[in-house]
Amino acid sequence: MKINFQNKKALVRVDFNVPLDKDYKITDDTRIREAVPTIRHILDTGGSVILMSHLGRPLQKLNADGTINREKFTLKHLVPHLRRKLKTRVHFAEDCVGKNAVKKAAALKPGEVLLLENTRFYPEEENGDAEFSKKLAALADVYVNDAFGTAHRAHASTTIVANYFDKKNKCFGFLMEREIENANRVIKSPEKPVTCVVGGAKVSDKIVLLERFLDFADNIIIGGAMAYTFMLAKKGLVGNSLVEPDRVKAAKEFMKKAKAAGVKVLLPKDSVCGDKFAADAAVEVFPSHQIPDGWMGLDIGPSAAKSFARVIRQSKTIIWNGPMGVFEMPAFAEGTKAVAKVVARATGKGAYSMVGGGDSVAAVNQMKLAKKVSFVSTGGGAMLEYLEGRELPGIAAIAG
Ligand code: AMP
């Protein structure tokens with residue numbers, strides 16, 4: 001963050017979309033904790049902070065009478081927690097624009113924080129409305145975006161608001177800087193050999209990513225339900241496994257491109273199968289291309305885990321996105337756990353590893369391995385789009 005914040009009011013877009021229980025207590029404050037270094041830096045260098053964020057989707061979940069459920073979606077619930085974390089005065093404005101917000105922003109003193117109400121109470125937020133963005137911008141001297149997870153949306157508070165600040169008066173926060181740095185490290189100058197591990201439910205969600213990985217990967221490991229569409233493309237029998245028949249052609253073309261590019265593609269040799277999609281299913285291991293009818297592949301098998309581990313161990317850069325199976329069910333979690341362990345071990349031996357995508361992040365956290373990989377991205381869809389090579393509006397608005 002290159003801005004001098006002394007006596008400046010900084011409008012900071014954070015991602016405080018935290019889970020709350022029925023009593024509006026925060027059940028996981030990771031997103032708040034991650035924003036603290038940026039906020040603290042601004043306060044400690046003589047500035048004041050005006051925080052803005054969304055929480056949930058209030059306009060999609062209106063009350064029966066069509067009004068906004070303010071009680072459920074207000075950011076006010078976060079104020080006591082923020083006070084404790086920041087150890088400073090945290091004011092709250094019941095509206096993110098308008099008289100009350102203007103007055104409270106104007107009265108803000110260096111070292112103090114003002115939290116604005118949920119930006120998504122206004123349709124103008126998601127529409128990227130210019131007038132609304134201008135009103136937000138008018139509250140502060142400088143703009144800091146630290147919400148990487150929403151950087152792929154051209155919303156008012158994530159993107160359009162930046163148009164109303166000079167280049168020297170806007171920057172990324174620490175969290176966003178780290179996400180961008182780490183993503184660039186893997187896509188622009190990765191140390192070889194590079195192995196990309198991709199899992200999850202659908203080929204359709206990940207095919208662009210897979211094709212992009214062909215530009216710089218040495219090995220691409222495919223697990224999760226996606227692998228069975230690839231098995232179909234290789235004329236395998238996949239029983240009742242989750243497949244996308246309309247993606248078989250794309251899978252075939254991908255294999256052809258990989259061959260031409262000299263990229264090794266690894267599919268699971270065997271699969272842990274269930275006789276139904278349930279935690280208490282009967283379980284049996286079959287070769288992934290010979291799964292009998294009545295059975296579905298729900299995890300990579302032990303041989304697959306071993307051969308994937310061998311390749312991962314020899315890699316210098318590892319990118320992992322998506323679980324190897326239905327890891328939410330203990331009977332089908334072993335493959336994902338094995339990958340998490342070997343990624344951590346390879347990192348311990350000097351490899352660089354980046355884990356991104358909700359479920360693989362959850363797996364690494366569950367196994368308490370988050371500190372044993374090089375970087376855990378909390379960017380979700382935004383990280384996926386960045387790795388795919390797309391320009392993210394929230395980044396372009398500051399760096400472009
Ligand atoms: P994604 O969001 O695309 O990364 O997909 C994650 C979801 O894929 C998780 O909820 C997993 O349970 C699911 N998944 C992974 N492997 C399989 C599989 N073999 N069959 C069905 N679902 C799977």
# chains A, B, ... in the order shown; residues from 1 in each chain; ligands from 1
>>> residues_around(residues="Tyr164 of chain A", least_positions_apart="5", cutoff="10 Å", atoms="only C-alpha atoms", output="PDB file with N, CA, C and O atoms, in the first residue's frame")
ATOM      1  N   ALA A 130     -23.439   4.477 -11.511  1.00  0.00           N
ATOM      2  CA  ALA A 130     -22.425   5.534 -11.421  1.00  0.00           C
ATOM      3  C   ALA A 130     -22.747   6.555 -10.330  1.00  0.00           C
ATOM      4  O   ALA A 130     -21.863   6.954  -9.565  1.00  0.00           O
ATOM      5  N   SER A 133     -22.115   5.107  -6.937  1.00  0.00           N
ATOM      6  CA  SER A 133     -20.668   4.971  -6.730  1.00  0.00           C
ATOM      7  C   SER A 133     -20.050   6.313  -6.369  1.00  0.00           C
ATOM      8  O   SER A 133     -19.172   6.396  -5.506  1.00  0.00           O
ATOM      9  N   LYS A 134     -20.547   7.347  -7.048  1.00  0.00           N
ATOM     10  CA  LYS A 134     -20.038   8.706  -6.797  1.00  0.00           C
ATOM     11  C   LYS A 134     -20.320   9.114  -5.346  1.00  0.00           C
ATOM     12  O   LYS A 134     -19.481   9.723  -4.688  1.00  0.00           O
ATOM     13  N   LYS A 135     -21.514   8.750  -4.855  1.00  0.00           N
ATOM     14  CA  LYS A 135     -21.873   9.092  -3.471  1.00  0.00           C
ATOM     15  C   LYS A 135     -20.958   8.362  -2.487  1.00  0.00           C
ATOM     16  O   LYS A 135     -20.526   8.933  -1.489  1.00  0.00           O
ATOM     17  N   LEU A 136     -20.666   7.112  -2.769  1.00  0.00           N
ATOM     18  CA  LEU A 136     -19.757   6.369  -1.889  1.00  0.00           C
ATOM     19  C   LEU A 136     -18.382   7.031  -1.902  1.00  0.00           C
ATOM     20  O   LEU A 136     -17.761   7.253  -0.859  1.00  0.00           O
ATOM     21  N   ALA A 137     -17.919   7.358  -3.103  1.00  0.00           N
ATOM     22  CA  ALA A 137     -16.575   7.937  -3.259  1.00  0.00           C
ATOM     23  C   ALA A 137     -16.454   9.267  -2.515  1.00  0.00           C
ATOM     24  O   ALA A 137     -15.402   9.590  -1.960  1.00  0.00           O
ATOM     25  N   ALA A 138     -17.562  10.024  -2.499  1.00  0.00           N
ATOM     26  CA  ALA A 138     -17.523  11.364  -1.890  1.00  0.00           C
ATOM     27  C   ALA A 138     -17.285  11.315  -0.379  1.00  0.00           C
ATOM     28  O   ALA A 138     -16.960  12.327   0.244  1.00  0.00           O
ATOM     29  N   VAL A 142      -9.372   8.675  -0.166  1.00  0.00           N
ATOM     30  CA  VAL A 142      -8.678   7.629  -0.921  1.00  0.00           C
ATOM     31  C   VAL A 142      -9.506   6.331  -0.880  1.00  0.00           C
ATOM     32  O   VAL A 142     -10.353   6.161   0.004  1.00  0.00           O
ATOM     33  N   TYR A 143      -9.218   5.443  -1.840  1.00  0.00           N
ATOM     34  CA  TYR A 143      -9.975   4.178  -1.926  1.00  0.00           C
ATOM     35  C   TYR A 143      -9.013   2.997  -1.870  1.00  0.00           C
ATOM     36  O   TYR A 143      -7.979   2.986  -2.549  1.00  0.00           O
ATOM     37  N   ASN A 169      -4.551   8.015  -5.627  1.00  0.00           N
ATOM     38  CA  ASN A 169      -5.410   7.934  -4.434  1.00  0.00           C
ATOM     39  C   ASN A 169      -6.189   6.624  -4.329  1.00  0.00           C
ATOM     40  O   ASN A 169      -7.231   6.565  -3.668  1.00  0.00           O
ATOM     41  N   LYS A 170      -5.725   5.585  -5.009  1.00  0.00           N
ATOM     42  CA  LYS A 170      -6.398   4.290  -4.877  1.00  0.00           C
ATOM     43  C   LYS A 170      -5.360   3.178  -4.941  1.00  0.00           C
ATOM     44  O   LYS A 170      -4.348   3.293  -5.635  1.00  0.00           O
TER      45      LYS A 170
END
>>> select_by_dssp(residues="segment 99-295 of chain A", states="alpha helix (DSSP H)", output="ChimeraX atom specification")
/A:99-107,123-127,130-137,174-188,203-213,226-233,248-261
>>> residues_near_ligand(ligand="ligand 1", cutoff="9 Å", atoms="only C-alpha atoms and all ligand atoms", output="ChimeraX atom specification")
/A:198-203,205-206,223-228,241-243,271-273,277,296-300,321-329,332,357-360
>>> select_by_dssp(residues="segment 61-289 of chain A", states="strand (DSSP E or B)", output="ChimeraX atom specification")
/A:90-93,113-116,142-145,170-172,194-198,219-222,237-238,264-266,270-274,283-287
>>> closest_residue(among="A:Met176, A:Leu11, A:Val361, A:Met52", to="Asp141 of chain A", atoms="only C-alpha atoms")
A:Leu11
>>> closest_residue(among="A:Phe92, A:Phe213, A:Phe16, A:Phe5", to="Leu43 of chain A", atoms="only C-alpha atoms")
A:Phe5
>>> closest_atom_pairs(of="segment 14-77 of chain A", to="segment 103-113 of chain A", cutoff="6 Å", atoms="only C-alpha atoms", output="JSON lines")
{"residue": "A:Leu43", "atom": "CA", "partner": "A:Gly111", "partner_atom": "CA", "distance": 4.6}
{"residue": "A:Gly46", "atom": "CA", "partner": "A:Pro110", "partner_atom": "CA", "distance": 5.6}
{"residue": "A:Gly47", "atom": "CA", "partner": "A:Pro110", "partner_atom": "CA", "distance": 4.9}
{"residue": "A:Ser48", "atom": "CA", "partner": "A:Pro110", "partner_atom": "CA", "distance": 4.6}
{"residue": "A:Val49", "atom": "CA", "partner": "A:Val113", "partner_atom": "CA", "distance": 4.8}
{"residue": "A:Ile50", "atom": "CA", "partner": "A:Val113", "partner_atom": "CA", "distance": 5.9}
